[in-house]
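Heads up: the structure comes next, in structure tokens.
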2 protein chains.
Amino acid sequence: MARLEKIKYKPISVRDLLVEMKDLSELMIDLAYSAALFNSRPLAEEVIEMEKQVDNLAYLLDMSAMLAARDAKDAESLVAVAVVAGATDKISDAAGDIATIVLREIGIHPIVREAFEKVEEQLTRTEIQKGSVWANRTLRDLELAPKMGVDIIAIRRNKEFIINPEHDELVLEGDVVIARGAPMGIEEFERLAGKTLMSAGS
Amino acid sequence: MARLEKIKYKPISVRDLLVEMKDLSELMIDLAYSAALFNSRPLAEEVIEMEKQVDNLAYLLDMSAMLAARDAKDAESLVAVAVVAGATDKISDAAGDIATIVLREIGIHPIVREAFEKVEEQLTRTEIQKGSVWANRTLRDLELAPKMGVDIIAIRRNKEFIINPEHDELVLEGDVVIARGAPMGIEEFERLAGKTLMSAGS
């Protein structure tokens with residue numbers, strides 16, 4: 001796997017890197033299964049985006065861990081950190097594998113769909129358009145959970161992921177939001193997410 | 001990795017195998033993180049048991065998928081099944097890696113604990129002793145969820161795993177049960193699980 005961009009070392013704590021890797025990898029599994037179940041390219045593409053991010057984080061974590069080790073005892077216990085980080089990387093790869101079969105349009109065998117049919121909640125990925133009625137509002141304001149039973153579980157802003165965003169997080173134009181909910185709520189969410197101030201007023 | 005036992009081919013549907021692999025691998029991740037957070041050998045050992053089971057299922061699935069392919073088109077779409085199965089196997093390996101650092105007593109670096117501290121629910125593994133007050137009762141009868149906020153999420157009976165057991169599932173002597181709940185509920189669960197009819201009557 002080619003890493004095309006040179007990754008700049010940023011001083012981020014090993015803890016923060018590990019938390020982000022763990023959160024991303026868990027979300028990726030859900031997204032990948034959902035992408036396979038609903039044969040969704042947008043979800044599969046998002047998984048691939050996240051896989052790149054996990055790779056970058058793994059690289060930064062390796063560097064940070066080495067800088068953090070001050071003696072042999074330190075280094076030994078940091079091995080545990082490296083193993084856990086490696087595990088999240090494996091999980092991320094696994095999700096990427098599933099996303100790839102969706103993107104390659106191999107065709108999802110009915111067996112796979114049947115195996116995943118117990119999944120009651122659906123996931124979706126939507127981009128907040130310019131002039132969207134949702135832009136510049138907090139998640140609390142949008143009231144998605146009480147109104148349609150939908151939760152925004154991640155926001156991608158350029159290349160940064162905000163996993164499990166807080167209620168006071170703002171949604172901005174150009175954000176890619178990933179939401180989870182019952183199929184009917186998700187349908188309404190997708191309809192409303194596409195609405196701009198102009199179309200809402202017309 | 002040595003596979004010591006010869007695995008006998010059993011005619012199980014590819015779908016059932018895939019469902020079990022998916023369910024087991026997801027449970028393993030939760031168990032592995034919990035094992036690392038609480039430095040729990042019993043949980044880590046259970047993850048290793050499950051990893052062996054996933055390996056066996058992967059082997060059976062490969063055979064079943066080959067038998068299921070009747071023509072080239074069939075074979076192509078079965079590739080998707082193999083990829084998804086392979087992904088669950090990778091996830092299972094990742095969980096096994098984390099369990100191994102617990103079992104090797106490398107010592108969990110505080111960073112790992114901090115990264116996982118958001119986990120509010122605790123997991124536990126308990127064996128139903130001979131003469132236990134819980135033996136030969138259904139999960140519904142035990143009323144663990146309403147009484148102590150604890151859910152039995154898996155039962156291991158010899159080498160078979162019952163993941164997300166139904167309410168009418170019986171708990172038998174010798175069963176290994178894995179439960180999830182808030183720390184206080186889990187404490188009570190562990191205390192009661194160890195109770196036998198004799199100690200309960202005395």
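Going by the structure tokens order, chains are called A, B, ..., each with residues numbered from 1, while ligands are numbered from 1 in the order shown.
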Q.
Contacts from chain A to chain B, 8 Å maximum, only C-alpha atoms: show me the residue list as a ChimeraX atom specification.
A. /A:14-16,18-19,76-78,80-81,83-84,86-88,90-91,93-95,97-98,101,106-109,111-112,114-116
Please dump the current selection as a compact mmCIF listing (two decimals), in the first residue's frame; keep C-alpha atoms.
# COMPACT_ATOMS: atom_id res chain seq x y z
CA VAL A 14 -0.22 9.02 22.30
CA ARG A 15 -3.45 8.79 24.27
CA ASP A 16 -5.36 11.05 21.88
CA LEU A 18 -5.03 5.83 20.37
CA VAL A 19 -8.53 7.07 21.22
CA GLU A 76 8.13 -2.37 27.60
CA SER A 77 4.81 -0.97 28.65
CA LEU A 78 4.63 1.11 25.49
CA ALA A 80 1.17 -2.69 24.86
CA VAL A 81 0.19 0.63 23.32
CA VAL A 83 -0.13 -3.72 20.06
CA VAL A 84 -3.47 -2.04 20.74
CA GLY A 86 -1.84 -2.28 15.66
CA ALA A 87 -5.09 -4.05 16.50
CA THR A 88 -7.16 -0.99 15.60
CA LYS A 90 -6.06 -4.45 11.57
CA ILE A 91 -9.73 -3.73 12.27
CA ASP A 93 -7.97 -2.92 7.23
CA ALA A 94 -10.76 -5.46 7.66
CA ALA A 95 -13.37 -2.73 7.19
CA ASP A 97 -11.54 -4.98 2.62
CA ILE A 98 -15.33 -5.05 2.88
CA ILE A 101 -15.81 -5.28 -2.59
CA ILE A 106 -18.29 -7.44 -7.36
CA GLY A 107 -21.89 -7.81 -6.34
CA ILE A 108 -22.90 -8.63 -2.83
CA HIS A 109 -23.92 -12.27 -2.59
CA ILE A 111 -25.72 -14.70 1.72
CA VAL A 112 -23.88 -11.58 2.89
CA GLU A 114 -28.90 -12.31 4.82
CA ALA A 115 -26.08 -12.49 7.33
CA PHE A 116 -26.38 -8.76 7.98
(Q) Please extract the residues of chain B with a backbone DSSP assignment of alpha helix (DSSP H) and present them as an MDAnalysis selection string. (A) chainID B and resid 14:37 41:68 72:103 110:116 139:142 144:148 183:193 197:201
(Q) I'd like the contact shell of Lys159 of chain A - 10 Å cut-off, only C-alpha atoms, skipping same-chain residues fewer than 4 positions apart - returned as a list of chain:residue names. (A)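 The contact residues come out as A:Glu49, A:Met50, A:Lys52, A:Gln53.
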Q: Could you tell me how far atom CA of Leu123 of chain B lies from atom CA of Leu37 of chain B, in Å and to one decimal?
A: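 A separation of 10.3 Å between them.
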Q | Residue neighbourhood Glu121 of chain B, 10 Å, only C-alpha atoms, exclusion window fewer than 3 positions, as a PyMOL selection string | A | chain B and resi 34+118+150+180-186
Can you write out the residues you just picked, keeping N, CA and C atoms, as a PDB file, in the first residue's frame?
ATOM      1  N   SER B  34     -12.158  -4.679  27.130  1.00  0.00           N
ATOM      2  CA  SER B  34     -12.502  -4.777  28.544  1.00  0.00           C
ATOM      3  C   SER B  34     -11.402  -5.527  29.308  1.00  0.00           C
ATOM      4  N   LYS B 118     -13.549   5.636  28.707  1.00  0.00           N
ATOM      5  CA  LYS B 118     -14.920   6.029  28.392  1.00  0.00           C
ATOM      6  C   LYS B 118     -15.884   4.832  28.434  1.00  0.00           C
ATOM      7  N   VAL B 150     -27.966  -6.215  34.182  1.00  0.00           N
ATOM      8  CA  VAL B 150     -26.905  -6.997  33.555  1.00  0.00           C
ATOM      9  C   VAL B 150     -27.510  -7.857  32.441  1.00  0.00           C
ATOM     10  N   ARG B 180     -22.626  -8.321  30.501  1.00  0.00           N
ATOM     11  CA  ARG B 180     -22.262  -6.925  30.356  1.00  0.00           C
ATOM     12  C   ARG B 180     -23.209  -6.079  31.206  1.00  0.00           C
ATOM     13  N   GLY B 181     -22.654  -5.067  31.871  1.00  0.00           N
ATOM     14  CA  GLY B 181     -23.517  -4.197  32.665  1.00  0.00           C
ATOM     15  C   GLY B 181     -22.716  -3.115  33.364  1.00  0.00           C
ATOM     16  N   ALA B 182     -23.413  -2.294  34.116  1.00  0.00           N
ATOM     17  CA  ALA B 182     -22.740  -1.263  34.900  1.00  0.00           C
ATOM     18  C   ALA B 182     -21.936  -1.951  36.006  1.00  0.00           C
ATOM     19  N   PRO B 183     -20.805  -1.332  36.437  1.00  0.00           N
ATOM     20  CA  PRO B 183     -19.911  -1.990  37.399  1.00  0.00           C
ATOM     21  C   PRO B 183     -20.618  -2.554  38.634  1.00  0.00           C
ATOM     22  N   MET B 184     -21.581  -1.805  39.226  1.00  0.00           N
ATOM     23  CA  MET B 184     -22.249  -2.312  40.433  1.00  0.00           C
ATOM     24  C   MET B 184     -23.065  -3.568  40.158  1.00  0.00           C
ATOM     25  N   GLY B 185     -23.775  -3.552  39.039  1.00  0.00           N
ATOM     26  CA  GLY B 185     -24.570  -4.714  38.657  1.00  0.00           C
ATOM     27  C   GLY B 185     -23.691  -5.925  38.419  1.00  0.00           C
ATOM     28  N   ILE B 186     -22.536  -5.676  37.779  1.00  0.00           N
ATOM     29  CA  ILE B 186     -21.609  -6.769  37.473  1.00  0.00           C
ATOM     30  C   ILE B 186     -21.080  -7.398  38.763  1.00  0.00           C
TER      31      ILE B 186
END
Q.
Just to confirm, what's the straight-line distance from atom CA of His167 of chain B to atom CA of Thr138 of chain B in Å (one decimal)?
A.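 Computing the Euclidean distance for atom CA of His167 of chain B and atom CA of Thr138 of chain B yields 6.7 Å.
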